Each structure stands twice: as structure tokens, then as C-alpha cells.
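Okay, structure first, notes after.
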Amino acid sequence: MMDDFLFSDEPQEPVSKIEQGTWKVLIVDDEPEVHAVTKLALSDFDFQNKRLEFISAYSGAEAKKLIDEHSDAAIVLLDVVMETDDAGLQVAKYIRETAKNNHIRIILRTGQPGQAPERQVIVDYDINDYKSKTELTAQKLFTVIMSSLRSYRDIISIEQSREGLEKIIKASRDIFSAHSIDSFTEGVMQQLTSLLGIADQAMYATTLVAQNPEENNNKKLIVRSGTGDFEQSEGKELELVLKSEQLEACQQALSDKTIVYKDNYLFAYCSSQYNHNSMLFISGTPKLLTDTQRHLIEIFSQNVQLAFENVQLQSEIEATQQELVYRLSEAVEQRSSETGNHVKRVANICHILAEGYGLSKREADLVRLASPLHDVGKVGIPDAILNKPGKLDGQEWEVMKTHTDKGYSILKDSPREIVSAGAIIAKEHHEKWDGSGYPNGLKGEEINVFGRIVSLADVYDALRHKRCYKEPWSLQRVVDEINSQKGSHFEPKLVEVLNDKLNEIEIVLTRFPD
């Protein structure tokens, strides 16, 4: 029986593993000679420039352990009868149900097919092929391995495409994220490489400033995102991470504004109405690309830059909005003889308090972005009251208190999230936890959490710095004062957060001094 299975007249010389990697094949059988002849029969097997890497297990228990250690295995050649009559079937069940590995192709091999009828096994277990050891001739073994690897390759490609699409969707949805452009680019590249049937390495390079290529001869291309060998290359100049021959191909694609194909890599020039000068580089490509694959690359080259710029434009709009908020707030602070760094300090303190309080990242970012608008209503307060060095009299104090309603009136009804949050903060940042604040005497959780956070951050920073009516207080005096107002002016939980985060908050003060 084993002689029938040994279908090679002469053993061939083992071939060393090549650079493109290997396909892992797990052989599970309690007969050592089965391992030997399988490896021998497939010693010269090659698929997409990758050889087979064999991993051996001699029992079902050992196979389960190796499945966990080699989740990237492509195929398992699985004996049915080992330490028990159904040991192999239990391994198949473990792979699908416990290890949750739906990618690996399971090929059952049995020397006793009568003990586990083929039809019943296929119905009851998620396997991909069922063979009797006596029927596995050289050609049939070659055929089943080839077909299984093709299936595995296609499944992995589909999965990578799905993951790439998911990254693009998340990046588009979470445009406030600092990494949204990186996620978008990585997702695009993962989709393209998976659709081409490759996943070794890819890189997207672009100038960081939009320039017309003809006017940008001295602007070096910078790596925007990378995978594989280029995973650690983000931010580096392109000429520092590519070989000389690759740079020549890159310059050719750049000057001709086209796609340059080489044996195992390509450069594609990308452009859009904004005249960004960008290069798409993919390595590990098949030597013979099909017309369909080339067409796909052309489509990506024509459209990926515009899509990238749309994401970038959203981030630019967000950055512009933030800057305008800061500049408007700084203008108001300068009217009251205070420095613009006050609003920067309050913004960062608010972010620390919001995170410590347990707000989501999105909410913490929002209160940081909107908090500089808290005193925008002071633009409507007369200078004589705003900058009075002494204590305000009753009438003056009533005028001063109107800055909350004035700020709300300026910002209300905006469809923009930051401005809308700023309206709430402007109106409620002088409300107090016990209901004794203004303008509406709100109490406890009637006050929006953003208002409660800004109230504490604003008072902390005001006490720690000089004002026209006071000298700066020491850290200990400020802490004592705030804790004395716990449950009256300030929410108790927020005061506890402040006490826990004092070191971080004081660092903010040193970063943005008056």
C-alpha cells in the first residue's frame, strides 16, 4: 500500500525556501512513513513562487496544539484513525468550532474508509476533501494540494479585501481621528493588493504639501503609509527606503505621469484636480499581470488620490475650525487683558478631566475643541466692567453675568457640533452643583457635563494665574479652595478626578505659560 503511495522513482534534492515565503501544510498522521512519503512526493511543489513548508503532528492532541500555533497554515492533511477511531474528526471539529479557523483547507485521509463513511463525514464535518490513502497517487495528491491552495489563496484575498474596505469605512466615519488619513490609505492599499492576489508589501508616498509637479522639482516625496517591509517607513524620504533601480522606475513614472511595470513591482503616478504629486508603489506583484489586473491598477491610480484628498480635506476643515475657535477666543481674552494661553490651558485641562471622568474619546475631544468658546459672550461686556481692577458693584456684576446669555446667543442654532457644544458651555459654565450659579440656577446633573467640566477647569486656571483683580494663587491654596467647594460649586466626582490628575494638569500650565 505504501509502495503505491510512493510515486517518485528518484528522490529529488530539497529546494531551499525562497524569499516570497511558503505555504504551510500540516501533516497529521500516527504513521511516520506517511509523513516521509508525503514530504518526498511534494518536495518540488511550487505555487505562485512559494514552496511548501511541512509541519508534522503524530496525534490528534498534538495537532490541536499546532493548529493554535500556526493559525496561518493553508492545508491540513488529516488522518482519521489515530489514538482513537475518530481522533481526526475531532481535530476537524476543533479547527472549525474551537480555533474558529475557517481559512485552512482540511483534507481527510484514511486507510480505513469503512469506519467513517465519506458521505456522512462530509455532511457532519466542515471538511474540504476526503481521500482514501490507497487512492492518493502522485498526480491526485498534486491536484488536491493545488486546488486547495487556490481555494485558500482566494479566501485570504477576500478576507483582506473585506478588512481593507472596513478600514476605509471606519476612516470615513471617524474623520475626527488623528489617524483617519493613515487608516484610509492603509485600507486602500490592502484592498488593491488583495484584489491583485498579493499581500506581501505595499507603500503609498505623497508630498505633504499640494504642489504642481512641474513647480515642485526640489520637493522630496515622503512615505505616507506602508506595510510589509515598509511598515516602519512612514515619514521617511522615498529615496531613503527604495533601491536605486526602484528610484529610477519611480522617476520615470513621475516624469511620464504613467504606470511603470517591472518584474515584481510597479510604480503608478496619481494626480487630481489639486495637482498633488503622488506615487503608488506595490512590490511582490506577479510577473505576468492580466489585462484585468492592469485595468484595476489604472482605476486605482486615477481615483485613489482624489479619494485621499477628500479625506484630507475633511481633516483640513476640522483643523481650520479649531484654529478659528482658538483665534476668536484669544481675541476675547485679549479684551480682558488676559493671555490667549488661558483658553489653551482650559481646553487641555478639560480634556484631562473628561477622560478621567469616563467620557468617550469623542466626547473628550469635543469638550476640548469647544471649551475655548466659554467666554465668547464677553465680547458684549463694556471694557470698564471687563477690566475693572477692583470688585464689581451690584449693577456691574449683573452686567458681567450677562456674558453667558450673550455667548449662547452668538453660538446657538449652529448645525456644527463644536459650535453647538460651545453654545451649551458658554451658557452653563457658571452654573453650580448646588444650584446657586447663574444664569438659570441649574442644579446637579441638570447642568450639562460639558458645562460642569469647563466650570472646574476655568476656575482652576483663573486661580493659578494673575488677573486684573488678583495675584496668582499657590497650587496648595487652589487645591484647598476647590476641595472646599466640593458638592457646592463643583461636582464631587469631578473634584476627585482633578485631585487624581493634578500632575498632568500642572504640566499643561507649564506648556502654555502667560
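Chains: A, B, ... in order of the C-alpha cells. Residues: from 1 per chain. Ligands: from 1, in order shown.
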
Which polymer residues have any atom within 7 Å of an atom of Ile425 (chain A), counting only C-alpha atoms, with same-chain residues fewer than 3 positions away left out, as a PyMOL selection string? chain A and resi 371+374+421-422+428-429+450-451

Ala73 (chain A): which residues within 8 Å, counting only C-alpha atoms, same-chain residues fewer than 3 positions away excluded, as an MDAnalysis selection string? chainID A and resid 23:26 67 70 76 104

For CA of Leu509 (chain A) and CA of Tyr460 (chain A), the interatomic separation in Å (one decimal):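 Pair CA of Leu509 (chain A) / CA of Tyr460 (chain A) returns 10.5 Å.
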
Given the choices A:Asp85, A:Leu40, A:Ile27, A:Ala138, which gets closest to Ala63 (chain A) if the distance is worked out from only C-alpha atoms?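 The shortest atom-to-atom distance to Ala63 (chain A) comes from A:Ile27.
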
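Going from CA of Ser255 (chain A) over to CA of Tyr269 (chain A), you cover 9.0 Å.
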
Between CA of Ala249 (chain A) and CA of Glu234 (chain A), what is the spacing in Å?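 Between CA of Glu234 (chain A) and CA of Ala249 (chain A) the gap is 20.5 Å.
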
Which one of A:Val495, A:Ala423, A:Ile156, A:Ile410 sits closest to Glu481 (chain A) if you count only C-alpha atoms?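 Checking each candidate against Glu481 (chain A), we get A:Val495 as the closest.
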
Pick out the residues sitting within 10 Å of Thr84 (chain A), and hand them over as a PyMOL selection string; count only C-alpha atoms, and ignore anything fewer than 6 positions along from it in its own chain. chain A and resi 59-60+90

Any idea what's packed within 8 Å of His430 (chain A), counting only C-alpha atoms, ignoring anything in its chain fewer than 3 positions away? Could you give it as a list of chain:residue names? A:Thr404, A:Lys427, A:Gly437, A:Tyr438, A:Pro439, A:Gly451, A:Ser455
